[in-house]
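Down below is the structure, laid out as structure tokens.
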Amino acid sequence: MSAPILAPALAPSHVLTDSLTLTRRNLRHALRYPAMTTVVVGMPVLMLLVFTYAFGGALGEGIGTRGAYIEYVAPGIFLMAAASGAVATAVGLCMDMTEGIVNRFRTLRISRASIIAGHVLGTTLQTLVSIALVIAVAVAVGFRPDATPVEWLAAAGLLAFVALALSWVGAAMGLVARTPESASNGPLPLQFLPFLGSAVVPADSMPAATRWFAEHQPFTPVIETLRGLLTGTAIGTDGAVALAWCAGLTVVGLLWARVAFARAAAR
Amino acid sequence: MTVTGTTAALTATGLRKSYGGKAAVDGIDLHVPEGSVYALLGPNGAGKTTTVGILTTLTRPDAGSATIGGHDLARDQDGVRSVIGVTGQFAAVDHLLTARENLILLADLHHLGRHEGRRRADALLAGLDLAEAARNPVATFSGGMRRKLDLAMTLIGDPRVLFLDEPTTGLDPRSRRTMWRIIRELVGGRGVTVVLTTQYLEEADRLADRVGVLDGGRLVAEGTPDELKRRVPGGHIRLRFDAQEQYARAVAVFGEAARRDDAALLLDIPCDGGITAVRSVLGILDASAVEATALTVHTPDLDDVFLALTGRHDTPPATPEENAR
């Protein structure tokens with residue numbers, strides 16, 4: 001037999017094709033077993049309703065009427081929706097790792113990255129659909145953004161970037177976890193981090209320590225940028241900071257996921 | 001070991017792998033000619049799954065080298081992956097997809113193209129009697145069906161070297177027979193090289209051209225099933241007598257060498273069970289005019305082989321457990 005000693009390296013186009021093949025697989029899971037999707041959509045919708053109808057009056061007192069408070073809180077809730085995809089990524093990937101199908105993938109001539117990317121892209125797309133639904137509910141209960149089409153597009157792009165970045169982080173957490181149950185706990189704090197930012201109340205209304213944290217954590221600049229794009233508040237440097245955070249989290253999540261994959265595969 | 005006149009589909013030299021200071025694979029050499037079936041036979045913990053893990057790029061060996069389908073394992077993992085197919089004892093199927101979707105997923109990952117992928121998927125579903133269940137989610141499948149689907153997912157990539165890690169562990173006898181038939185047809189029809197692991201001696205006997213007996217991470221014996229059987233004591237020719245008088249004369253003729261069962265009038269003469277041995281026993285009976293009622297030849301089975309080679313009774317458990325990996 002005269003096979004070449006060194007086969008050509010995997011072409012980038014193969015990595016992309018395989019990632020998309022696995023993305024389709026994961027989307028099919030989501031469509032067929034929508035329990036996770038329901039949580040991803042349901043939680044932010046619930047939060048939106050609670051903050052608008054239950055706490056909105058009190059929280060919005062300093063800002064104005066209930067109508068004005070939903071203008072304040074809605075962008076933060078959209079971000080929560082974007083963050084929730086990380087849980088789905090973590091659980092989906094961890095299930096693959098524990099169920100043996102990953103060993104089949106690992107014996108195929110496909111890139112390791114595409115196995116992870118398939119989950120990340122799948123949940124990111126799912127998350128975008130969820131965000132659209134949450135926005136629709138927000139509009140239905142009185143959210144009246146004054147954004148231009150370009151601002152909408154920018155907001156959607158930013159939310160997609162956040163979803164992607166956190167999905168990579170979620171992927172790494174799912175690979176570190178030993179069971180799907182613990183995998184779902186890892187990224188949970190991500191979903192609640194917006195509360196310790198400017199999602200619900202402005203950072204400068206908080207006590208000093210919390211305030212310092214709120215001003216320096218990644219979600220605050222993202223929320224401020226979304227708020228600016230959708231409701232016309234000032235954005236300032238927050239836009240650039242938000243993008244930098246997203247890019248940074250993507251890189252960290254990606255590298256961490258790669259290391260975690262190799263480690264998880266070895267055990 | 002020397003094999004002449006055939007190309008090797010797989011060679012391995014000095015494979016070693018330890019986990020936490022304990023050697024799982026402790027210096028294994030393999031040579032598997034193209035188109036043949038090689039069985040790694042051993043009890044749980046003998047190192048079968050670790051060996052397959054190394055040869056299929058899942059586990060990095062601590063030492064040793066291997067060439068699979070002409071590709072060097074250490075330098076060209078993607079090359080190795082392009083020629084192998086692996087069906088492990090892990091059920092490597094997607095339980096949330098249907099059988100057909102599973103196959104098409106694999107076809108897509110092999111870049112077979114839409115048309116060819118679907119054609120092969122449907123052909124395999126029909127060939128493995130899964131056509132009726134093709135559109136049902138795998139979660140509803142029986143163990144035997146899952147194993148067949150698992151094998152089909154491996155075959156869709158048309159591998160040249162097929163690894164089957166305990167392909168029938170946990171299957172009921174009927175499904176096991178079906179798997180055996182499929183494996184045999186497959187090897188005959190496609191010229192695929194097969195490396196299988198098993199703790200069932202009968203399975204190695206039925207399927208393999210050559211058997212390597214694995215114990216404690218080492219190959220303790222290797223050969224064709226028949227060669228292995230001949231190497232062990234335990235084979236004998238059994239003479240049965242109806243008359244006490246004939247029996248007594250036979251005992252006198254064969255003397256110390258024979259094992260006696262005075263109650264049942266049975267005489268076991270140890271030998272390899274070959275034709276020469278039968279002839280010489282018959283010759284002795286004729287010469288001394290002893291009349292035996294019946295003569296049966298007992299060749300040792302692989303259970304005897306294992307016992308003789310390892311000094312332990314390691315017959316497979318009634319309900320096989322998963323191998324430690």
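Each chain of the structure tokens is named A, B, ... in the order shown, its residues numbered from 1; ligands are numbered from 1 in display order.
With the cut-off set to 7 Å and only C-alpha atoms counted, chain B residues close to chain A are Thr56, Thr57, Leu58, Gly70, His71, Asp72, Asp76, Asp78, Gly79, Arg81, Ser82, Phe90, Ala91, Ala92, Val93, Asp94, Leu96, Asp108 and Leu109 of chain B.
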DSSP on the backbone, alpha helix (DSSP H) only: what residues of region 59-257 of chain B does that give? Format it as a PyMOL selection string. chain B and resi 77-83+99-109+114-127+143-155+173-190+201-207+225-230+244-254
Taking 4 positions as the minimum chain separation for residues in the same chain, which residues sit within 8 Å of region 163-177 of chain B when counting only C-alpha atoms? Answer as a list in words. Lys48, Thr49, Val52, Thr56, Ile84, Gly85, Val86, Thr87, Gly88, Gln89, Gly143, Gly144, Arg147, Arg181, Val194, Val195, Leu196, Thr197, Thr198, Gln199, Thr319, Pro320 and Glu321 of chain B
Find the residues around Thr11 (chain B) up to 9 Å (only C-alpha atoms counted), leave out those fewer than 5 positions away in its own chain, and share them as a PyMOL selection string. chain B and resi 29-33+65-68
List the neighbours of Tyr53 (chain A) out to 12 Å using only C-alpha atoms; skip same-chain residues closer than 5 positions along the sequence, and give me the result as a VMD selection string. chain A and resid 46 to 48 58 to 60 65 to 67 69 to 70 73 138 141 to 142
Can I get the selection written as a PDB file, in the first residue's frame, with N, CA, C and O atoms?
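As written to disk, again.pdb reads:
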```pdb
ATOM      1  N   LEU A  46     -39.840  35.996  32.160  1.00  0.00           N
ATOM      2  CA  LEU A  46     -40.341  36.063  33.532  1.00  0.00           C
ATOM      3  C   LEU A  46     -39.755  37.268  34.258  1.00  0.00           C
ATOM      4  O   LEU A  46     -40.459  38.039  34.918  1.00  0.00           O
ATOM      5  N   MET A  47     -38.421  37.425  34.117  1.00  0.00           N
ATOM      6  CA  MET A  47     -37.736  38.545  34.763  1.00  0.00           C
ATOM      7  C   MET A  47     -38.307  39.870  34.272  1.00  0.00           C
ATOM      8  O   MET A  47     -38.535  40.795  35.054  1.00  0.00           O
ATOM      9  N   LEU A  48     -38.520  39.942  32.971  1.00  0.00           N
ATOM     10  CA  LEU A  48     -39.050  41.164  32.370  1.00  0.00           C
ATOM     11  C   LEU A  48     -40.393  41.507  33.003  1.00  0.00           C
ATOM     12  O   LEU A  48     -40.646  42.651  33.404  1.00  0.00           O
ATOM     13  N   ALA A  58     -41.661  50.674  42.169  1.00  0.00           N
ATOM     14  CA  ALA A  58     -40.714  51.135  43.174  1.00  0.00           C
ATOM     15  C   ALA A  58     -39.364  51.487  42.563  1.00  0.00           C
ATOM     16  O   ALA A  58     -38.805  52.559  42.819  1.00  0.00           O
ATOM     17  N   LEU A  59     -38.867  50.577  41.728  1.00  0.00           N
ATOM     18  CA  LEU A  59     -37.543  50.778  41.146  1.00  0.00           C
ATOM     19  C   LEU A  59     -37.534  51.990  40.215  1.00  0.00           C
ATOM     20  O   LEU A  59     -36.538  52.698  40.107  1.00  0.00           O
ATOM     21  N   GLY A  60     -38.653  52.168  39.550  1.00  0.00           N
ATOM     22  CA  GLY A  60     -38.695  53.236  38.558  1.00  0.00           C
ATOM     23  C   GLY A  60     -39.000  54.595  39.157  1.00  0.00           C
ATOM     24  O   GLY A  60     -39.037  55.590  38.438  1.00  0.00           O
ATOM     25  N   THR A  65     -42.177  56.995  35.471  1.00  0.00           N
ATOM     26  CA  THR A  65     -43.333  56.095  35.535  1.00  0.00           C
ATOM     27  C   THR A  65     -42.915  54.672  35.199  1.00  0.00           C
ATOM     28  O   THR A  65     -41.760  54.411  34.883  1.00  0.00           O
ATOM     29  N   ARG A  66     -43.898  53.760  35.266  1.00  0.00           N
ATOM     30  CA  ARG A  66     -43.605  52.379  34.890  1.00  0.00           C
ATOM     31  C   ARG A  66     -43.158  52.305  33.433  1.00  0.00           C
ATOM     32  O   ARG A  66     -42.271  51.562  33.066  1.00  0.00           O
ATOM     33  N   GLY A  67     -43.788  53.085  32.598  1.00  0.00           N
ATOM     34  CA  GLY A  67     -43.414  53.123  31.176  1.00  0.00           C
ATOM     35  C   GLY A  67     -41.953  53.456  31.011  1.00  0.00           C
ATOM     36  O   GLY A  67     -41.234  52.832  30.256  1.00  0.00           O
ATOM     37  N   TYR A  69     -39.620  52.989  33.299  1.00  0.00           N
ATOM     38  CA  TYR A  69     -38.755  51.961  33.875  1.00  0.00           C
ATOM     39  C   TYR A  69     -38.528  50.812  32.904  1.00  0.00           C
ATOM     40  O   TYR A  69     -37.430  50.281  32.833  1.00  0.00           O
ATOM     41  N   ILE A  70     -39.552  50.453  32.150  1.00  0.00           N
ATOM     42  CA  ILE A  70     -39.326  49.354  31.184  1.00  0.00           C
ATOM     43  C   ILE A  70     -38.301  49.790  30.141  1.00  0.00           C
ATOM     44  O   ILE A  70     -37.487  48.975  29.688  1.00  0.00           O
ATOM     45  N   VAL A  73     -35.071  48.991  32.034  1.00  0.00           N
ATOM     46  CA  VAL A  73     -34.713  47.618  32.387  1.00  0.00           C
ATOM     47  C   VAL A  73     -34.636  46.680  31.178  1.00  0.00           C
ATOM     48  O   VAL A  73     -33.883  45.698  31.185  1.00  0.00           O
ATOM     49  N   ALA A 138     -41.248  42.286  25.267  1.00  0.00           N
ATOM     50  CA  ALA A 138     -40.985  43.608  25.843  1.00  0.00           C
ATOM     51  C   ALA A 138     -41.808  44.676  25.131  1.00  0.00           C
ATOM     52  O   ALA A 138     -42.423  45.544  25.772  1.00  0.00           O
ATOM     53  N   VAL A 141     -45.414  44.571  26.157  1.00  0.00           N
ATOM     54  CA  VAL A 141     -45.785  45.120  27.456  1.00  0.00           C
ATOM     55  C   VAL A 141     -45.351  46.580  27.604  1.00  0.00           C
ATOM     56  O   VAL A 141     -45.280  47.094  28.718  1.00  0.00           O
ATOM     57  N   GLY A 142     -45.021  47.222  26.510  1.00  0.00           N
ATOM     58  CA  GLY A 142     -44.863  48.671  26.578  1.00  0.00           C
ATOM     59  C   GLY A 142     -43.484  49.230  26.292  1.00  0.00           C
ATOM     60  O   GLY A 142     -43.264  50.424  26.394  1.00  0.00           O
TER      61      GLY A 142
END
```
So, with only C-alpha atoms as the atoms that count, which of B:Arg218, B:His95, B:His111, B:Arg249 lies closest to Leu149 (chain B)?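 Residue with the minimum atom-to-atom distance to Leu149 (chain B): B:His95.
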As a VMD selection string, which residues of region 172-289 of chain B does DSSP assign to strand (DSSP E or B)? chain B and resid 193 to 198 210 to 215 218 to 223 233 235 to 240 259 to 261 266 to 270
Write out the residues from the selection above, keeping N, CA and C atoms, as an mmCIF file, in the first residue's frame.
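What landed in selection.cif:
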```cif
data_model
loop_
_atom_site.group_PDB
_atom_site.id
_atom_site.type_symbol
_atom_site.label_atom_id
_atom_site.label_comp_id
_atom_site.auth_asym_id
_atom_site.auth_seq_id
_atom_site.Cartn_x
_atom_site.Cartn_y
_atom_site.Cartn_z
ATOM 1 N N THR B 193 -9.869 -5.027 6.905
ATOM 2 C CA THR B 193 -9.104 -5.627 7.995
ATOM 3 C C THR B 193 -9.835 -5.333 9.296
ATOM 4 N N VAL B 194 -9.985 -6.342 10.128
ATOM 5 C CA VAL B 194 -10.722 -6.133 11.376
ATOM 6 C C VAL B 194 -9.845 -6.461 12.580
ATOM 7 N N VAL B 195 -9.832 -5.530 13.532
ATOM 8 C CA VAL B 195 -9.222 -5.823 14.822
ATOM 9 C C VAL B 195 -10.354 -5.789 15.830
ATOM 10 N N LEU B 196 -10.628 -6.915 16.449
ATOM 11 C CA LEU B 196 -11.711 -6.915 17.424
ATOM 12 C C LEU B 196 -11.209 -7.361 18.777
ATOM 13 N N THR B 197 -11.855 -6.865 19.800
ATOM 14 C CA THR B 197 -11.519 -7.329 21.137
ATOM 15 C C THR B 197 -12.721 -8.079 21.669
ATOM 16 N N THR B 198 -12.451 -9.039 22.494
ATOM 17 C CA THR B 198 -13.556 -9.799 23.055
ATOM 18 C C THR B 198 -13.114 -10.497 24.318
ATOM 19 N N ARG B 210 -6.545 -14.837 13.384
ATOM 20 C CA ARG B 210 -5.519 -14.963 14.408
ATOM 21 C C ARG B 210 -6.024 -14.364 15.711
ATOM 22 N N VAL B 211 -5.543 -14.923 16.806
ATOM 23 C CA VAL B 211 -5.967 -14.476 18.129
ATOM 24 C C VAL B 211 -4.742 -14.120 18.944
ATOM 25 N N GLY B 212 -4.792 -12.976 19.585
ATOM 26 C CA GLY B 212 -3.763 -12.632 20.559
ATOM 27 C C GLY B 212 -4.399 -12.700 21.937
ATOM 28 N N VAL B 213 -3.802 -13.474 22.817
ATOM 29 C CA VAL B 213 -4.357 -13.582 24.167
ATOM 30 C C VAL B 213 -3.677 -12.543 25.049
ATOM 31 N N LEU B 214 -4.502 -11.671 25.618
ATOM 32 C CA LEU B 214 -3.995 -10.533 26.356
ATOM 33 C C LEU B 214 -4.240 -10.761 27.844
ATOM 34 N N ASP B 215 -3.195 -10.545 28.629
ATOM 35 C CA ASP B 215 -3.355 -10.685 30.079
ATOM 36 C C ASP B 215 -2.415 -9.708 30.765
ATOM 37 N N ARG B 218 -0.154 -7.579 28.508
ATOM 38 C CA ARG B 218 0.816 -8.248 27.639
ATOM 39 C C ARG B 218 0.132 -9.307 26.794
ATOM 40 N N LEU B 219 0.722 -9.551 25.613
ATOM 41 C CA LEU B 219 0.264 -10.665 24.794
ATOM 42 C C LEU B 219 0.941 -11.926 25.321
ATOM 43 N N VAL B 220 0.161 -12.834 25.864
ATOM 44 C CA VAL B 220 0.779 -14.031 26.433
ATOM 45 C C VAL B 220 0.801 -15.176 25.438
ATOM 46 N N ALA B 221 0.066 -15.061 24.353
ATOM 47 C CA ALA B 221 0.102 -16.080 23.306
ATOM 48 C C ALA B 221 -0.523 -15.511 22.054
ATOM 49 N N GLU B 222 -0.138 -16.079 20.930
ATOM 50 C CA GLU B 222 -0.697 -15.606 19.685
ATOM 51 C C GLU B 222 -0.699 -16.732 18.672
ATOM 52 N N GLY B 223 -1.693 -16.766 17.825
ATOM 53 C CA GLY B 223 -1.750 -17.781 16.789
ATOM 54 C C GLY B 223 -3.157 -17.926 16.244
ATOM 55 N N PRO B 233 -2.624 -28.488 27.035
ATOM 56 C CA PRO B 233 -3.115 -29.795 27.438
ATOM 57 C C PRO B 233 -4.619 -29.679 27.644
ATOM 58 N N GLY B 235 -6.712 -31.635 25.652
ATOM 59 C CA GLY B 235 -7.270 -32.421 24.562
ATOM 60 C C GLY B 235 -7.105 -33.901 24.879
ATOM 61 N N HIS B 236 -8.106 -34.669 24.524
ATOM 62 C CA HIS B 236 -7.984 -36.097 24.796
ATOM 63 C C HIS B 236 -8.926 -36.886 23.904
ATOM 64 N N ILE B 237 -8.619 -38.164 23.812
ATOM 65 C CA ILE B 237 -9.539 -39.083 23.139
ATOM 66 C C ILE B 237 -10.233 -39.876 24.231
ATOM 67 N N ARG B 238 -11.553 -39.872 24.177
ATOM 68 C CA ARG B 238 -12.311 -40.556 25.233
ATOM 69 C C ARG B 238 -12.864 -41.869 24.678
ATOM 70 N N LEU B 239 -12.557 -42.925 25.390
ATOM 71 C CA LEU B 239 -13.074 -44.241 25.005
ATOM 72 C C LEU B 239 -14.156 -44.632 26.000
ATOM 73 N N ARG B 240 -15.277 -45.101 25.452
ATOM 74 C CA ARG B 240 -16.359 -45.535 26.337
ATOM 75 C C ARG B 240 -16.554 -47.047 26.150
ATOM 76 N N ARG B 259 -6.518 -41.347 31.911
ATOM 77 C CA ARG B 259 -7.310 -41.004 33.095
ATOM 78 C C ARG B 259 -8.505 -41.953 33.142
ATOM 79 N N ARG B 260 -8.740 -42.504 34.311
ATOM 80 C CA ARG B 260 -9.781 -43.521 34.408
ATOM 81 C C ARG B 260 -11.016 -42.984 35.102
ATOM 82 N N ASP B 261 -12.144 -43.467 34.634
ATOM 83 C CA ASP B 261 -13.385 -43.232 35.353
ATOM 84 C C ASP B 261 -14.028 -44.606 35.489
ATOM 85 N N LEU B 266 -15.093 -45.059 31.575
ATOM 86 C CA LEU B 266 -14.550 -44.116 30.600
ATOM 87 C C LEU B 266 -13.044 -44.049 30.759
ATOM 88 N N LEU B 267 -12.374 -43.942 29.617
ATOM 89 C CA LEU B 267 -10.928 -43.823 29.635
ATOM 90 C C LEU B 267 -10.532 -42.632 28.759
ATOM 91 N N ASP B 268 -9.857 -41.660 29.358
ATOM 92 C CA ASP B 268 -9.431 -40.483 28.601
ATOM 93 C C ASP B 268 -7.942 -40.599 28.308
ATOM 94 N N ILE B 269 -7.591 -40.590 27.023
ATOM 95 C CA ILE B 269 -6.180 -40.660 26.673
ATOM 96 C C ILE B 269 -5.728 -39.276 26.211
ATOM 97 N N PRO B 270 -4.876 -38.635 26.984
ATOM 98 C CA PRO B 270 -4.466 -37.272 26.633
ATOM 99 C C PRO B 270 -3.704 -37.257 25.310
#
```
Residues at most 6 Å from region 163-175 of chain A, counting only C-alpha atoms, excluding those fewer than 5 positions away in the same chain, as a list in words? Ala82, Ala83, Ala86, Thr89, Ala90, Val91, Leu93, Cys94, Val120, Thr124, Ala183, Pro187, Cys246, Leu249, Thr250, Gly253, Leu254, Trp256, Ala257, Ala260 and Phe261 of chain A
Write to file, as a short mmCIF file (atom, residue, chain, number, x, y, z; two decimals), in the first residue's frame, the residues of the selection just made, with N, CA and C atoms.
```
data_model
loop_
_atom_site.label_atom_id
_atom_site.label_comp_id
_atom_site.auth_asym_id
_atom_site.auth_seq_id
_atom_site.Cartn_x
_atom_site.Cartn_y
_atom_site.Cartn_z
N ALA A 82 -29.26 36.85 26.29
CA ALA A 82 -28.05 36.52 25.53
C ALA A 82 -27.12 35.63 26.35
N ALA A 83 -27.09 35.89 27.68
CA ALA A 83 -26.19 35.13 28.55
C ALA A 83 -26.69 33.71 28.79
N ALA A 86 -25.25 30.26 27.35
CA ALA A 86 -24.05 29.60 27.87
C ALA A 86 -24.41 28.31 28.58
N THR A 89 -25.04 25.59 26.03
CA THR A 89 -23.78 25.10 25.46
C THR A 89 -23.09 24.15 26.41
N ALA A 90 -23.02 24.56 27.68
CA ALA A 90 -22.31 23.75 28.68
C ALA A 90 -22.97 22.38 28.80
N VAL A 91 -24.29 22.36 28.91
CA VAL A 91 -24.99 21.08 29.11
C VAL A 91 -24.86 20.20 27.86
N LEU A 93 -22.60 20.16 25.46
CA LEU A 93 -21.25 19.66 25.24
C LEU A 93 -20.89 18.60 26.28
N CYS A 94 -21.28 18.86 27.53
CA CYS A 94 -20.97 17.90 28.59
C CYS A 94 -21.68 16.57 28.33
N VAL A 120 -21.27 25.75 20.08
CA VAL A 120 -21.27 27.20 20.31
C VAL A 120 -22.16 27.90 19.29
N THR A 124 -25.71 29.76 19.96
CA THR A 124 -25.76 31.18 19.66
C THR A 124 -26.96 31.51 18.78
N ALA A 183 -22.67 20.76 34.93
CA ALA A 183 -22.39 21.64 33.80
C ALA A 183 -23.40 22.77 33.74
N PRO A 187 -22.35 27.99 34.35
CA PRO A 187 -22.60 29.29 33.72
C PRO A 187 -23.76 30.07 34.34
N CYS A 246 -16.24 41.55 24.87
CA CYS A 246 -16.76 40.40 24.10
C CYS A 246 -15.61 39.67 23.41
N LEU A 249 -13.57 37.83 26.06
CA LEU A 249 -14.24 36.63 26.57
C LEU A 249 -14.25 35.52 25.53
N THR A 250 -14.42 35.90 24.25
CA THR A 250 -14.40 34.90 23.19
C THR A 250 -13.06 34.18 23.15
N GLY A 253 -12.57 32.10 26.34
CA GLY A 253 -13.45 30.92 26.29
C GLY A 253 -12.93 29.89 25.30
N LEU A 254 -12.51 30.38 24.12
CA LEU A 254 -12.03 29.49 23.07
C LEU A 254 -10.78 28.73 23.50
N TRP A 256 -9.61 28.31 26.58
CA TRP A 256 -9.93 27.48 27.74
C TRP A 256 -10.65 26.22 27.28
N ALA A 257 -11.59 26.37 26.35
CA ALA A 257 -12.36 25.22 25.85
C ALA A 257 -11.44 24.21 25.18
N ALA A 260 -9.53 22.44 27.85
CA ALA A 260 -10.45 21.60 28.62
C ALA A 260 -10.88 20.38 27.80
N PHE A 261 -11.01 20.56 26.48
CA PHE A 261 -11.40 19.43 25.63
C PHE A 261 -10.33 18.35 25.66
#
```
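For the set A:Ala264, A:Leu125, A:Leu230, A:Val251, the residue with the smallest atom-to-atom gap to Glu151 (chain A) is A:Leu230, counting only C-alpha atoms.
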Nearest candidate to Glu116 (chain B) (options B:Pro43, B:Gly157, B:Gly216, B:Pro137; using only C-alpha atoms): B:Gly157
